[in-house]
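Colleague: Right, I'll just put the structure down here and ask away after.
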Amino acid sequence: MTGESFLRFHFDGWLEINGFSVPSLQGWYIDTESTLQIKIDDDVFICTRHEREDVASYLAAFTKTNHRNTNYGWKVEIPSKYLKRDILFLSIYSGSQLIHEGEVEIPLGIRNHHLSVQQQSLTTTNGKTAAVVCWDLAHNPAGRALVLVRLLQELGYEVDLIGPLHPRFGQHVWRPIADEKNLNIITTVCSNYNDLKRFSKYVADKTYNLLWICKPRFPSIYIGCKIIESSMCQVILDIDDYELSFFSNRSKHKTLSDPLDAIRSNIVNYIDIDATLFAHSTIKYFMNITVSNVKLQNIFGGTIIRHARHLPVIEQDSIDQRKLLGIEGDNIVIGFVGTIREHKGILQLANAIKNSPQLTLMCAGVYEPPEIKDVIRNILGDQVIIKNGVPFSEVPTTLAPVDCVCLLQDFGSETAQYQFPAKISDSLSVGIPVILPNLPPFEDLHGLDGFYFIDDYSDIDLQIIDFVNSADSKNCSNTFQSLFSIPVNAMKLNSIVEKNSQHVDYQELLSFVLEEEKQFNLCNFSIKNSVSKRNLVIFWKQNDAGIFGRRIDMLAKYFISGNVYNRVLIVEPPFQQGWFDLIQQPNPGRGLYSDRVLARAIARKQLDQVGNQGISYLSSMISNSPLDSYVFPVLEPHRWEQFYHDSLIDFSNDEITDFMICPEVEYCQNIVNSLPRRYLIVDFIDDQRNFRNSHDTMQRIHRHYKWCAQNGDLFVTNNNEMSKRFSTEFNIPINIIPNGAELLNHDSQHFCITIDGIPKEKTIIGYIGNMRDRFDPAIVREIAASSAAKAHDWHIVLIGPSGGNQEVEHLINSPRVSMLGAVDYYTGSRLISCFDVAIVPHIVDPLSLSMDPLKIYQLRQSGIPTVMSNVTSSIGSDPGVIVANTARDFISGILRFTFGKKSVEKIRVFSVNDDQNCWSKRIAEYESLIQSIDRIH
């Protein structure tokens, strides 16, 4: 027996990868001629061979093998009966020769469960991982959990949906989500606390950036605490029901003195009332809370995140579907899709319409209890169409032939007083109006298109007929897009995500839930508690703070972790409603603008007003006809200055506050003059007069610079040219604090990202940044057309907005050029790791000479060798930078960096000045200047 050619077999449970859907063992084997057989007990299984490219995406997750030079992958399917075991003993044969024997552990989280894995494109994520933890995935709580997953995926997260299967509800994933695509589910059957504890330990082995706990029930709280303990991540608690309302006998229930001990001893089950009461008592520890409706918000606070949906595509005509269901042309079909229970008013509805033959009820869902199906059928006879549960993906098609959805929640049900049915979103997404009772969860829906509210239940059938035939039932799309769509709710979520993890009192929560399980070392939780109460207000020139990792974003981020400022508010100029409406819409005529990225970020900031690590944002929309449909401040033109003034007073809260202007913000002068401050700091980055401006605009900017020079207390710029230019012109002392980079741990970087559509064997020449004013497309055109590009298979990737520069946009006509458009800072940071060589082809003119390109620092910190134009940079001597004056120089520089480069690895030349060029050092310099004027004053 030899093991030399055998690399590794690894159990991965139920997988869906490149079409596989099996409980399987997968592995790698160098010998390409042999046929492998696996023997388990007396069963022999034939391995199937898959060439490396067929399973390349899977290999990225196969980190434990560390074998990248293997030629073939092998897969063997095994019966599910082996999933019951902890260990499998394998004998592996090549033909008749035994080549390997050994054990393979079946992880706990894979036993008795379905794990669906589909690798996501790395270019669509921002490098962050998230976990959604649901208390049970065998029944309908999984529906809300799926919404949370989809919202996080909309923000670019790689998401795991985690939760146990309690035998009381079933031993399989809830049918409506079981076949969902692009969904990573980690689950196992858990009957008691010991099962839950083992499962929690398994899922907590993975590190997450964000945890979203779905429902305050004991399993989700407990699993969540284990993940918090291991990941030290941000946490959100989602409440979409009043969980205690599901226990109708709780008023008679005698509360246990030590519920946690009873749960651990299995005296009570972790899903019953005592465990739920315990879980409910943990809500007070969560500062970041989301809720599904206004009633729950009134009780628990937090941000409303609706049961959001994507706008579906209906493939079959609704008329054809009505014919297939046997519905006559004039009949009105009332739909009811979801979990069908009595408290949802289904029997009331059936009795209300039974005497109106032109009304037909269509029910599709899970019937709880199953007998309710027969009760409905007995009431309505031929007036009802009964369908069983349908997957989430088929709900829109199921609803398509319906005329309205009527949800007569039972007024006498406590659950109905807090519940917001998800089928409201499903209905609106396909243009189906909804009839609702006047219950607290729907208070904020009155007056919106697509809704009709019933007060009198005596003639429901006539009210339904009148509403369906009225114009009010026809306009649902605006309501869906503005309140119930995935993009809108994802923007709200994104603003919550940016809150610092310090807002959750982890130590108390973990001690409370995991009492006596373990001693905790929580020293990694960094909660700033400076004696100083100084705040900083940064006035920024445009509406893109917090998106692209600009200088002001980094100043704000690192000031918060420094020694001077506790809170930072970034103020942006007010923007016009017409402009915001324009950038939200796909518009090919606007070229490679940053419209969609900008629109999402603006709405995200306005919806919650809170950013990352104590950073908040202030802006507003201006409209001559203010509407209430935008959720964020919409002001008449004459009101915005007063709004800003009052908002800054609230932010300062009688605490010491400094103002910073960066780089020119004319709109702020009256506001700054009217407010108390300690210092006015002016950060002159770039000479804004050198951009493409009209003469009047240039004069206005010049006057603003003069005002800054007359009123400022501290003046800073990022390069020598700007310091000389402005100190001479305005007779002021200007300090130089160059741009910087976020310090990376080079040893832990993994450069395995690819860009969709570009073969990995190509040599990628990349650029990231704005291409409107200082970018030289002629250089790129010559590089792409060069014989070197053809001979060495170069492909140029340009990342960033063109700003309408037609000459830049014409570069897309070259087969060797790809243009990816604008991306946010985190996505850009990941994409540049695809570059083999970076280029910075700037036009050398007064504008570029007044700049210290931030992208140089970002590229060099990532170890990307860079060829750049001969423009100002304070980065210093660097072996990874070549200065070029012409296109030929650029080509020569690229050749020098790529000469002899192996196709399977990237050359990394890291900056020799990492420590000197990091943002923490820059902030230390800034703080030293601020403290020096403190001493003077």
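Chain lettering (A, B, ...) mirrors the order of the structure tokens, residue numbering begins at 1 for each chain separately, and ligand numbering begins at 1 in order of display.
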Tell me, which residues of region 280-460 of chain A carry DSSP helix (DSSP H, G or I), written as a VMD selection string?

Modeller: chain A and resid 280 283 to 285 294 to 300 318 to 324 342 to 344 346 to 353 372 to 383 392 to 399 415 to 417 423 to 429 440 to 445 460

Colleague: What are the closest atom pairs, with distances in Å to one decimal, for each residue of region 291-398 of chain A lying within 12 Å of region 210-232 of chain A, using only C-alpha atoms, rows by chain and rising residue number, as a Markdown table?

Modeller:
```
| residue | atom | partner | partner_atom | distance |
| --- | --- | --- | --- | --- |
| A:Val291 | CA | A:Lys215 | CA | 9.5 |
| A:Ser292 | CA | A:Lys215 | CA | 10.8 |
| A:Phe300 | CA | A:Pro216 | CA | 11.7 |
```

Colleague: Which is closest to Gln419 (chain A) among A:Ile681, A:Leu277, A:Leu165, A:Leu296, if we use only C-alpha atoms?

Modeller: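 Of the candidates, the smallest distance to Gln419 (chain A) is held by A:Leu296.
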
Colleague: So, counting only C-alpha atoms, which residue among A:Ile186, A:Ile622, A:Leu244, A:Ile263 is closest to Val634 (chain A)?

Modeller: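 Once distances to Val634 (chain A) are computed over only C-alpha atoms, the minimum belongs to A:Ile622.
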
Colleague: For a test of reading the model, state the distance in Å between CA of Glu243 (chain A) and CA of Gln171 (chain A), rounded to one decimal.

Modeller: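 These atoms are spaced 22.2 Å apart.
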